[in-house]
Amino acid sequence: MIEDFGLIISSFQSQYGIRLSRELPAGMKWDEFRDLLIGIGPDTALGRVVAIRAEDRKEYLETFTPEQHQIRNEWQWKRAKYLAQTITKEQMNNTMNMFKTAFLSMDGLGSD
């Protein structure tokens with residue numbers, strides 16, 4: 001949220017006409033801020049960036065500009081780095097074993 005705060009400020013201004021630089025120091029409550037943030041629409045700066053980050057359909061990715069690919073790739077790299085730092089080796093091994101079992105089952109090689 002901190003790295004996207006500029007997008008949040010811009011989106012609040014464009015969608016709600018709210019200047020966070022005035023509202024936050026004046027005492028906007030966390031619940032109100034959170035509810036407004038959740039309601040940010042796709043036609044705002046934040047909404048567009050979130051859509052780019054979340055896109056995974058090949059036909060849409062093929063039409064991305066280099067800048068859109070950069071936004072998406074940076075986000076995926078940061079997410080992977082975060083997951084690598086927070087997931088234990090045991091959790092990763094369990095997940096990989098789950099995938100292995102699933103693939104073997106799909107091939108008819110799973111244990112009965």
# chains A, B, ... in the order shown; residues from 1 in each chain; ligands from 1
>>> residues_around(residues="Ile9 (chain A)", least_positions_apart="4", cutoff="8 Å", atoms="only C-alpha atoms", output="ChimeraX atom specification")
/A:5,13,19-20
>>> write_last_selection(atoms="all heavy atoms", output="compact mmCIF listing (two decimals), in the first residue's frame")
# COMPACT_ATOMS: atom_id res chain seq x y z
N PHE A 5 0.85 4.45 -2.80
CA PHE A 5 0.12 5.56 -2.18
C PHE A 5 -0.13 6.71 -3.15
O PHE A 5 -1.19 7.33 -3.11
CB PHE A 5 0.82 6.07 -0.92
CG PHE A 5 -0.13 6.80 -0.02
CD1 PHE A 5 -1.17 6.13 0.60
CD2 PHE A 5 -0.01 8.17 0.19
CE1 PHE A 5 -2.07 6.79 1.42
CE2 PHE A 5 -0.90 8.84 1.01
CZ PHE A 5 -1.94 8.16 1.63
N GLN A 13 -8.84 11.31 -5.51
CA GLN A 13 -9.15 12.62 -6.08
C GLN A 13 -10.07 12.47 -7.29
O GLN A 13 -11.07 13.17 -7.40
CB GLN A 13 -7.85 13.35 -6.48
CG GLN A 13 -8.08 14.67 -7.20
CD GLN A 13 -8.75 15.72 -6.34
OE1 GLN A 13 -8.49 15.81 -5.16
NE2 GLN A 13 -9.62 16.49 -6.93
N ARG A 19 -9.21 15.07 -1.38
CA ARG A 19 -7.76 15.29 -1.30
C ARG A 19 -7.28 14.68 0.02
O ARG A 19 -7.52 15.22 1.09
CB ARG A 19 -7.44 16.78 -1.34
CG ARG A 19 -7.70 17.40 -2.67
CD ARG A 19 -7.12 18.82 -2.69
NE ARG A 19 -7.09 19.33 -4.03
CZ ARG A 19 -6.09 19.17 -4.88
NH1 ARG A 19 -5.02 18.53 -4.50
NH2 ARG A 19 -6.13 19.67 -6.09
N LEU A 20 -6.63 13.55 -0.11
CA LEU A 20 -6.19 12.84 1.08
C LEU A 20 -5.19 13.66 1.90
O LEU A 20 -5.12 13.50 3.11
CB LEU A 20 -5.57 11.49 0.71
CG LEU A 20 -6.58 10.42 0.28
CD1 LEU A 20 -5.86 9.15 -0.12
CD2 LEU A 20 -7.59 10.13 1.38
>>> residues_around(residues="region 76-91 of chain A", least_positions_apart="5", cutoff="9 Å", atoms="only C-alpha atoms", output="ChimeraX atom specification")
/A:53,71,96
>>> write_last_selection(atoms="N, CA, C and O atoms", output="PDB file, in the first residue's frame")
ATOM      1  N   ARG A  53      -1.690  -5.758 -13.176  1.00  0.00           N
ATOM      2  CA  ARG A  53      -0.981  -6.714 -12.312  1.00  0.00           C
ATOM      3  C   ARG A  53      -1.685  -8.063 -12.254  1.00  0.00           C
ATOM      4  O   ARG A  53      -1.040  -9.106 -12.167  1.00  0.00           O
ATOM      5  N   ILE A  71       5.081  -3.187 -15.624  1.00  0.00           N
ATOM      6  CA  ILE A  71       4.278  -3.082 -14.398  1.00  0.00           C
ATOM      7  C   ILE A  71       3.937  -4.472 -13.877  1.00  0.00           C
ATOM      8  O   ILE A  71       4.107  -4.768 -12.693  1.00  0.00           O
ATOM      9  N   MET A  96       4.860 -28.690  -3.305  1.00  0.00           N
ATOM     10  CA  MET A  96       5.438 -29.375  -4.466  1.00  0.00           C
ATOM     11  C   MET A  96       5.023 -30.847  -4.504  1.00  0.00           C
ATOM     12  O   MET A  96       4.722 -31.386  -5.571  1.00  0.00           O
TER      13      MET A  96
END
>>> closest_residue(among="A:Lys100, A:Trp30, A:Met1, A:Gly6", to="Ala45 (chain A)", atoms="only C-alpha atoms")
A:Gly6
>>> atom_distance(atom1="CA of Ala54 (chain A)", atom2="CA of Ile40 (chain A)")
15.5 Å
>>> residues_around(residues="Gln15 (chain A)", least_positions_apart="2", cutoff="10 Å", atoms="only C-alpha atoms", output="PyMOL selection string")
chain A and resi 10-13+17-18+36+39-41+43-45
>>> select_by_dssp(residues="region 48-111 of chain A", states="helix (DSSP H, G or I)", output="VMD selection string")
chain A and resid 48 to 54 58 to 61 66 to 86 89 to 106
>>> atom_distance(atom1="CA of Arg72 (chain A)", atom2="CA of Lys58 (chain A)")
13.1 Å
>>> residues_around(residues="Glu55 (chain A)", least_positions_apart="5", cutoff="12 Å", atoms="only C-alpha atoms", output="PDB file with all heavy atoms, in the first residue's frame")
ATOM      1  N   ARG A  48      -6.540   0.782 -12.827  1.00  0.00           N
ATOM      2  CA  ARG A  48      -5.867   0.342 -14.051  1.00  0.00           C
ATOM      3  C   ARG A  48      -4.603  -0.458 -13.739  1.00  0.00           C
ATOM      4  O   ARG A  48      -4.349  -1.489 -14.368  1.00  0.00           O
ATOM      5  CB  ARG A  48      -5.556   1.542 -14.943  1.00  0.00           C
ATOM      6  CG  ARG A  48      -6.815   2.133 -15.601  1.00  0.00           C
ATOM      7  CD  ARG A  48      -6.494   3.214 -16.610  1.00  0.00           C
ATOM      8  NE  ARG A  48      -5.976   4.428 -16.001  1.00  0.00           N
ATOM      9  CZ  ARG A  48      -6.709   5.411 -15.504  1.00  0.00           C
ATOM     10  NH1 ARG A  48      -8.021   5.327 -15.530  1.00  0.00           N
ATOM     11  NH2 ARG A  48      -6.139   6.485 -14.983  1.00  0.00           N
ATOM     12  N   VAL A  49      -3.825  -0.003 -12.766  1.00  0.00           N
ATOM     13  CA  VAL A  49      -2.595  -0.718 -12.417  1.00  0.00           C
ATOM     14  C   VAL A  49      -2.924  -2.084 -11.805  1.00  0.00           C
ATOM     15  O   VAL A  49      -2.278  -3.083 -12.135  1.00  0.00           O
ATOM     16  CB  VAL A  49      -1.711   0.127 -11.478  1.00  0.00           C
ATOM     17  CG1 VAL A  49      -0.593  -0.704 -10.876  1.00  0.00           C
ATOM     18  CG2 VAL A  49      -1.137   1.320 -12.228  1.00  0.00           C
ATOM     19  N   VAL A  50      -3.921  -2.137 -10.959  1.00  0.00           N
ATOM     20  CA  VAL A  50      -4.319  -3.422 -10.361  1.00  0.00           C
ATOM     21  C   VAL A  50      -4.776  -4.389 -11.447  1.00  0.00           C
ATOM     22  O   VAL A  50      -4.434  -5.576 -11.421  1.00  0.00           O
ATOM     23  CB  VAL A  50      -5.408  -3.214  -9.285  1.00  0.00           C
ATOM     24  CG1 VAL A  50      -6.030  -4.535  -8.861  1.00  0.00           C
ATOM     25  CG2 VAL A  50      -4.825  -2.487  -8.081  1.00  0.00           C
ATOM     26  N   TYR A  60      -4.946 -11.243 -23.758  1.00  0.00           N
ATOM     27  CA  TYR A  60      -4.807  -9.858 -23.296  1.00  0.00           C
ATOM     28  C   TYR A  60      -3.336  -9.488 -23.108  1.00  0.00           C
ATOM     29  O   TYR A  60      -2.919  -8.380 -23.428  1.00  0.00           O
ATOM     30  CB  TYR A  60      -5.572  -9.631 -21.998  1.00  0.00           C
ATOM     31  CG  TYR A  60      -7.067  -9.574 -22.200  1.00  0.00           C
ATOM     32  CD1 TYR A  60      -7.854 -10.711 -22.032  1.00  0.00           C
ATOM     33  CD2 TYR A  60      -7.697  -8.394 -22.565  1.00  0.00           C
ATOM     34  CE1 TYR A  60      -9.223 -10.665 -22.232  1.00  0.00           C
ATOM     35  CE2 TYR A  60      -9.066  -8.344 -22.759  1.00  0.00           C
ATOM     36  CZ  TYR A  60      -9.818  -9.487 -22.593  1.00  0.00           C
ATOM     37  OH  TYR A  60     -11.175  -9.441 -22.797  1.00  0.00           O
ATOM     38  N   LEU A  61      -2.561 -10.427 -22.572  1.00  0.00           N
ATOM     39  CA  LEU A  61      -1.147 -10.163 -22.350  1.00  0.00           C
ATOM     40  C   LEU A  61      -0.419  -9.888 -23.664  1.00  0.00           C
ATOM     41  O   LEU A  61       0.511  -9.091 -23.705  1.00  0.00           O
ATOM     42  CB  LEU A  61      -0.488 -11.340 -21.621  1.00  0.00           C
ATOM     43  CG  LEU A  61      -0.957 -11.580 -20.193  1.00  0.00           C
ATOM     44  CD1 LEU A  61      -0.357 -12.873 -19.645  1.00  0.00           C
ATOM     45  CD2 LEU A  61      -0.609 -10.407 -19.308  1.00  0.00           C
ATOM     46  N   GLU A  62      -0.856 -10.525 -24.743  1.00  0.00           N
ATOM     47  CA  GLU A  62      -0.229 -10.312 -26.042  1.00  0.00           C
ATOM     48  C   GLU A  62      -0.419  -8.889 -26.558  1.00  0.00           C
ATOM     49  O   GLU A  62       0.347  -8.428 -27.399  1.00  0.00           O
ATOM     50  CB  GLU A  62      -0.779 -11.312 -27.058  1.00  0.00           C
ATOM     51  CG  GLU A  62      -0.321 -12.742 -26.794  1.00  0.00           C
ATOM     52  CD  GLU A  62      -1.002 -13.767 -27.675  1.00  0.00           C
ATOM     53  OE1 GLU A  62      -1.978 -13.423 -28.393  1.00  0.00           O
ATOM     54  OE2 GLU A  62      -0.564 -14.936 -27.651  1.00  0.00           O
ATOM     55  N   THR A  63      -1.424  -8.198 -26.042  1.00  0.00           N
ATOM     56  CA  THR A  63      -1.687  -6.831 -26.504  1.00  0.00           C
ATOM     57  C   THR A  63      -1.104  -5.770 -25.573  1.00  0.00           C
ATOM     58  O   THR A  63      -1.249  -4.580 -25.832  1.00  0.00           O
ATOM     59  CB  THR A  63      -3.211  -6.580 -26.651  1.00  0.00           C
ATOM     60  OG1 THR A  63      -3.825  -6.641 -25.354  1.00  0.00           O
ATOM     61  CG2 THR A  63      -3.853  -7.602 -27.567  1.00  0.00           C
ATOM     62  N   PHE A  64      -0.461  -6.204 -24.501  1.00  0.00           N
ATOM     63  CA  PHE A  64       0.128  -5.263 -23.543  1.00  0.00           C
ATOM     64  C   PHE A  64       1.252  -4.462 -24.192  1.00  0.00           C
ATOM     65  O   PHE A  64       2.035  -4.992 -24.991  1.00  0.00           O
ATOM     66  CB  PHE A  64       0.697  -6.009 -22.337  1.00  0.00           C
ATOM     67  CG  PHE A  64      -0.268  -6.201 -21.196  1.00  0.00           C
ATOM     68  CD1 PHE A  64      -1.633  -6.070 -21.358  1.00  0.00           C
ATOM     69  CD2 PHE A  64       0.211  -6.529 -19.947  1.00  0.00           C
ATOM     70  CE1 PHE A  64      -2.496  -6.256 -20.300  1.00  0.00           C
ATOM     71  CE2 PHE A  64      -0.644  -6.721 -18.880  1.00  0.00           C
ATOM     72  CZ  PHE A  64      -2.008  -6.577 -19.057  1.00  0.00           C
ATOM     73  N   GLN A  68       3.134  -1.792 -19.791  1.00  0.00           N
ATOM     74  CA  GLN A  68       2.220  -2.660 -19.055  1.00  0.00           C
ATOM     75  C   GLN A  68       2.911  -3.958 -18.647  1.00  0.00           C
ATOM     76  O   GLN A  68       2.723  -4.439 -17.528  1.00  0.00           O
ATOM     77  CB  GLN A  68       0.979  -2.965 -19.897  1.00  0.00           C
ATOM     78  CG  GLN A  68       0.066  -1.768 -20.061  1.00  0.00           C
ATOM     79  CD  GLN A  68      -1.031  -2.032 -21.072  1.00  0.00           C
ATOM     80  OE1 GLN A  68      -0.787  -2.538 -22.169  1.00  0.00           O
ATOM     81  NE2 GLN A  68      -2.258  -1.679 -20.696  1.00  0.00           N
ATOM     82  N   HIS A  69       3.720  -4.523 -19.544  1.00  0.00           N
ATOM     83  CA  HIS A  69       4.476  -5.723 -19.191  1.00  0.00           C
ATOM     84  C   HIS A  69       5.420  -5.436 -18.034  1.00  0.00           C
ATOM     85  O   HIS A  69       5.576  -6.257 -17.132  1.00  0.00           O
ATOM     86  CB  HIS A  69       5.264  -6.248 -20.400  1.00  0.00           C
ATOM     87  CG  HIS A  69       4.455  -7.052 -21.350  1.00  0.00           C
ATOM     88  ND1 HIS A  69       3.922  -8.280 -21.037  1.00  0.00           N
ATOM     89  CD2 HIS A  69       4.069  -6.803 -22.618  1.00  0.00           C
ATOM     90  CE1 HIS A  69       3.254  -8.755 -22.063  1.00  0.00           C
ATOM     91  NE2 HIS A  69       3.321  -7.872 -23.048  1.00  0.00           N
ATOM     92  N   ILE A  71       5.081  -3.187 -15.624  1.00  0.00           N
ATOM     93  CA  ILE A  71       4.278  -3.082 -14.398  1.00  0.00           C
ATOM     94  C   ILE A  71       3.937  -4.472 -13.877  1.00  0.00           C
ATOM     95  O   ILE A  71       4.107  -4.768 -12.693  1.00  0.00           O
ATOM     96  CB  ILE A  71       2.991  -2.266 -14.652  1.00  0.00           C
ATOM     97  CG1 ILE A  71       3.329  -0.795 -14.885  1.00  0.00           C
ATOM     98  CG2 ILE A  71       1.995  -2.436 -13.501  1.00  0.00           C
ATOM     99  CD1 ILE A  71       2.170   0.033 -15.422  1.00  0.00           C
ATOM    100  N   ARG A  72       3.469  -5.334 -14.762  1.00  0.00           N
ATOM    101  CA  ARG A  72       3.063  -6.689 -14.364  1.00  0.00           C
ATOM    102  C   ARG A  72       4.262  -7.507 -13.900  1.00  0.00           C
ATOM    103  O   ARG A  72       4.207  -8.199 -12.872  1.00  0.00           O
ATOM    104  CB  ARG A  72       2.367  -7.380 -15.536  1.00  0.00           C
ATOM    105  CG  ARG A  72       1.790  -8.731 -15.183  1.00  0.00           C
ATOM    106  CD  ARG A  72       0.939  -9.269 -16.330  1.00  0.00           C
ATOM    107  NE  ARG A  72       0.406 -10.547 -15.982  1.00  0.00           N
ATOM    108  CZ  ARG A  72       1.066 -11.701 -16.153  1.00  0.00           C
ATOM    109  NH1 ARG A  72       2.272 -11.721 -16.653  1.00  0.00           N
ATOM    110  NH2 ARG A  72       0.496 -12.847 -15.814  1.00  0.00           N
ATOM    111  N   ASN A  73       5.366  -7.443 -14.639  1.00  0.00           N
ATOM    112  CA  ASN A  73       6.549  -8.223 -14.281  1.00  0.00           C
ATOM    113  C   ASN A  73       7.145  -7.785 -12.952  1.00  0.00           C
ATOM    114  O   ASN A  73       7.558  -8.623 -12.150  1.00  0.00           O
ATOM    115  CB  ASN A  73       7.597  -8.136 -15.394  1.00  0.00           C
ATOM    116  CG  ASN A  73       7.147  -8.844 -16.660  1.00  0.00           C
ATOM    117  OD1 ASN A  73       6.257  -9.676 -16.636  1.00  0.00           O
ATOM    118  ND2 ASN A  73       7.761  -8.492 -17.774  1.00  0.00           N
ATOM    119  N   TRP A  75       5.538  -6.431 -10.469  1.00  0.00           N
ATOM    120  CA  TRP A  75       4.623  -6.895  -9.427  1.00  0.00           C
ATOM    121  C   TRP A  75       4.816  -8.381  -9.153  1.00  0.00           C
ATOM    122  O   TRP A  75       4.893  -8.805  -8.002  1.00  0.00           O
ATOM    123  CB  TRP A  75       3.177  -6.606  -9.828  1.00  0.00           C
ATOM    124  CG  TRP A  75       2.198  -7.093  -8.812  1.00  0.00           C
ATOM    125  CD1 TRP A  75       1.408  -8.193  -8.894  1.00  0.00           C
ATOM    126  CD2 TRP A  75       1.910  -6.492  -7.542  1.00  0.00           C
ATOM    127  NE1 TRP A  75       0.647  -8.317  -7.756  1.00  0.00           N
ATOM    128  CE2 TRP A  75       0.926  -7.284  -6.911  1.00  0.00           C
ATOM    129  CE3 TRP A  75       2.375  -5.361  -6.894  1.00  0.00           C
ATOM    130  CZ2 TRP A  75       0.424  -6.983  -5.664  1.00  0.00           C
ATOM    131  CZ3 TRP A  75       1.858  -5.072  -5.638  1.00  0.00           C
ATOM    132  CH2 TRP A  75       0.890  -5.872  -5.044  1.00  0.00           C
ATOM    133  N   GLN A  76       4.920  -9.195 -10.208  1.00  0.00           N
ATOM    134  CA  GLN A  76       5.098 -10.626 -10.026  1.00  0.00           C
ATOM    135  C   GLN A  76       6.428 -10.933  -9.345  1.00  0.00           C
ATOM    136  O   GLN A  76       6.497 -11.822  -8.497  1.00  0.00           O
ATOM    137  CB  GLN A  76       5.016 -11.351 -11.378  1.00  0.00           C
ATOM    138  CG  GLN A  76       3.609 -11.396 -11.914  1.00  0.00           C
ATOM    139  CD  GLN A  76       3.511 -12.201 -13.189  1.00  0.00           C
ATOM    140  OE1 GLN A  76       4.422 -12.211 -14.003  1.00  0.00           O
ATOM    141  NE2 GLN A  76       2.396 -12.882 -13.358  1.00  0.00           N
TER     142      GLN A  76
END
>>> atom_distance(atom1="CA of Gly27 (chain A)", atom2="CA of Leu46 (chain A)")
23.0 Å
>>> closest_residue(among="A:Leu24, A:Phe103, A:Gly47, A:Asp31", to="Leu7 (chain A)", atoms="only C-alpha atoms")
A:Gly47
